[in-house]
Each structure stands twice: as structure tokens, then as C-alpha cells.
Amino acid sequence: MSTSKRSLASVNPLVETRDVIAIKNRTGNLYESITVMSRRASQIAVTMKEELHRKLDEFTVHGDNLEEIHENKEQIEISRIYERMANPALQSINEFADDKIYYRKKQQ
């Protein structure tokens, strides 16, 4: 497990209340802070989905017989690990609170 996966897996999967004022103060605008967190959550979700599909593709059987579908215990365990991970939105909120997200404003 890489360092980024360990940090993502260590996020508490339970929803907690957040200090809206502290979130607003990071960028100066609450909606801008929410936008930063939502874009990061989208990135995390895409990454997690790609990793999961890459791991599960190892177990795919390329054959014509659709009736023979096996349950692979390793495949089930991998799926359970990803189900136990915190929601990408919660992960992005924690990254934002810990100043682990780099963001910049567009110059207009």
C-alpha cells in the first residue's frame, strides 16, 4: 500500500460537523472553498475507481461461457477494502483542513 493510500484509508469514514467559518477563512469565500474540496473529491473518486478496476481486471476471465461465474475470495476482499474507505468528499475535506490541497485563483 502506497503512502497516499494509507493516508486515504486512515480518514475517519464517519461524517462530522465542520466549522464553516474556518472553511471560509482558508480562501476568503465559503463557496470557493467548497468548490476546491468538490474538485479534489472528484479527483480522488476517479483515482479510486481506476485503481479498483485495475485490481479487479486481474481476476476477469475472458471466455464465451457466461454461465460459469466464480466467486473469487481475493476479489471480494479487495472490494470490501474499497467499501470501507472513507467517501472521497470526506477525504477531500480532511486534505483541505490539513492544507494538503494546492489551489489557485484564476486571473481574470
# chains A, B, ... in the order shown; residues from 1 in each chain; ligands from 1
>>> residues_around(residues="A:Ser79", least_positions_apart="2", cutoff="12 Å", atoms="only C-alpha atoms", output="list in words")
Met48, Lys49, Glu51, Leu52, His53, Arg54, Lys55, Leu56, Asn72, Lys73, Glu74, Gln75, Ile76, Glu77, Ile81, Tyr82, Glu83, Arg84 and Met85 of chain A
>>> write_last_selection(atoms="C-alpha atoms", output="mmCIF file, in the first residue's frame")
data_model
loop_
_atom_site.group_PDB
_atom_site.id
_atom_site.type_symbol
_atom_site.label_atom_id
_atom_site.label_comp_id
_atom_site.auth_asym_id
_atom_site.auth_seq_id
_atom_site.Cartn_x
_atom_site.Cartn_y
_atom_site.Cartn_z
ATOM 1 C CA MET A 48 -10.009 5.193 -6.564
ATOM 2 C CA LYS A 49 -12.220 3.912 -9.375
ATOM 3 C CA GLU A 51 -7.282 1.577 -9.010
ATOM 4 C CA LEU A 52 -10.216 -0.669 -8.167
ATOM 5 C CA HIS A 53 -10.885 -1.530 -11.807
ATOM 6 C CA ARG A 54 -7.193 -2.190 -12.408
ATOM 7 C CA LYS A 55 -7.064 -4.585 -9.439
ATOM 8 C CA LEU A 56 -10.313 -6.320 -10.363
ATOM 9 C CA ASN A 72 -13.020 -15.220 -6.014
ATOM 10 C CA LYS A 73 -12.263 -14.547 -2.346
ATOM 11 C CA GLU A 74 -9.401 -12.182 -3.192
ATOM 12 C CA GLN A 75 -11.675 -10.174 -5.458
ATOM 13 C CA ILE A 76 -14.318 -9.948 -2.735
ATOM 14 C CA GLU A 77 -11.703 -8.828 -0.182
ATOM 15 C CA ILE A 81 -11.397 -2.781 1.389
ATOM 16 C CA TYR A 82 -12.617 -0.116 -1.029
ATOM 17 C CA GLU A 83 -16.092 -0.154 0.535
ATOM 18 C CA ARG A 84 -14.582 0.536 3.976
ATOM 19 C CA MET A 85 -12.617 3.536 2.722
#
>>> residues_around(residues="stretch 16-30 of chain A", least_positions_apart="2", cutoff="10 Å", atoms="only C-alpha atoms", output="number ranges by chain")
A: 12-14, 32-36, 90, 93, 96-97, 99, 103-105
>>> write_last_selection(atoms="N, CA and C atoms", output="JSON list (two decimals), in the first residue's frame")
[["chain", "number", "residue", "atom", "x", "y", "z"],
["A", 12, "ASN", "N", -11.28, 9.08, 8.89],
["A", 12, "ASN", "CA", -12.44, 8.57, 9.59],
["A", 12, "ASN", "C", -13.63, 8.54, 8.63],
["A", 13, "PRO", "N", -14.24, 7.37, 8.41],
["A", 13, "PRO", "CA", -15.34, 7.29, 7.45],
["A", 13, "PRO", "C", -16.66, 7.88, 7.95],
["A", 14, "LEU", "N", -16.70, 8.33, 9.21],
["A", 14, "LEU", "CA", -17.92, 8.90, 9.75],
["A", 14, "LEU", "C", -17.98, 10.40, 9.47],
["A", 32, "GLU", "N", -16.07, 29.22, -2.66],
["A", 32, "GLU", "CA", -14.80, 28.89, -3.31],
["A", 32, "GLU", "C", -14.13, 27.70, -2.60],
["A", 33, "SER", "N", -14.19, 27.69, -1.27],
["A", 33, "SER", "CA", -13.64, 26.56, -0.50],
["A", 33, "SER", "C", -14.37, 25.28, -0.84],
["A", 34, "ILE", "N", -15.67, 25.34, -0.95],
["A", 34, "ILE", "CA", -16.47, 24.16, -1.29],
["A", 34, "ILE", "C", -16.14, 23.67, -2.69],
["A", 35, "THR", "N", -15.92, 24.60, -3.60],
["A", 35, "THR", "CA", -15.56, 24.24, -4.97],
["A", 35, "THR", "C", -14.21, 23.53, -5.01],
["A", 36, "VAL", "N", -13.24, 24.03, -4.25],
["A", 36, "VAL", "CA", -11.92, 23.40, -4.19],
["A", 36, "VAL", "C", -12.05, 21.98, -3.66],
["A", 90, "LEU", "N", -15.24, 13.19, 2.06],
["A", 90, "LEU", "CA", -14.65, 13.29, 3.40],
["A", 90, "LEU", "C", -13.13, 13.36, 3.31],
["A", 93, "ILE", "N", -12.19, 16.89, 2.28],
["A", 93, "ILE", "CA", -12.38, 17.84, 3.38],
["A", 93, "ILE", "C", -11.19, 17.76, 4.34],
["A", 96, "PHE", "N", -8.18, 19.35, 2.73],
["A", 96, "PHE", "CA", -8.33, 20.80, 2.72],
["A", 96, "PHE", "C", -8.03, 21.38, 4.10],
["A", 97, "ALA", "N", -8.53, 20.72, 5.14],
["A", 97, "ALA", "CA", -8.31, 21.19, 6.51],
["A", 97, "ALA", "C", -6.83, 21.08, 6.90],
["A", 99, "ASP", "N", -4.30, 21.50, 4.87],
["A", 99, "ASP", "CA", -3.52, 22.25, 3.88],
["A", 99, "ASP", "C", -2.71, 21.35, 2.95],
["A", 103, "TYR", "N", -4.25, 24.98, -4.50],
["A", 103, "TYR", "CA", -5.24, 25.60, -5.37],
["A", 103, "TYR", "C", -4.81, 27.04, -5.64],
["A", 104, "ARG", "N", -5.30, 27.58, -6.74],
["A", 104, "ARG", "CA", -5.02, 28.97, -7.07],
["A", 104, "ARG", "C", -6.24, 29.56, -7.75],
["A", 105, "LYS", "N", -6.37, 30.86, -7.65],
["A", 105, "LYS", "CA", -7.47, 31.57, -8.29],
["A", 105, "LYS", "C", -7.08, 31.90, -9.71]]
>>> atom_distance(atom1="atom CA of A:Val11", atom2="atom CA of A:Ala89")
10.8 Å
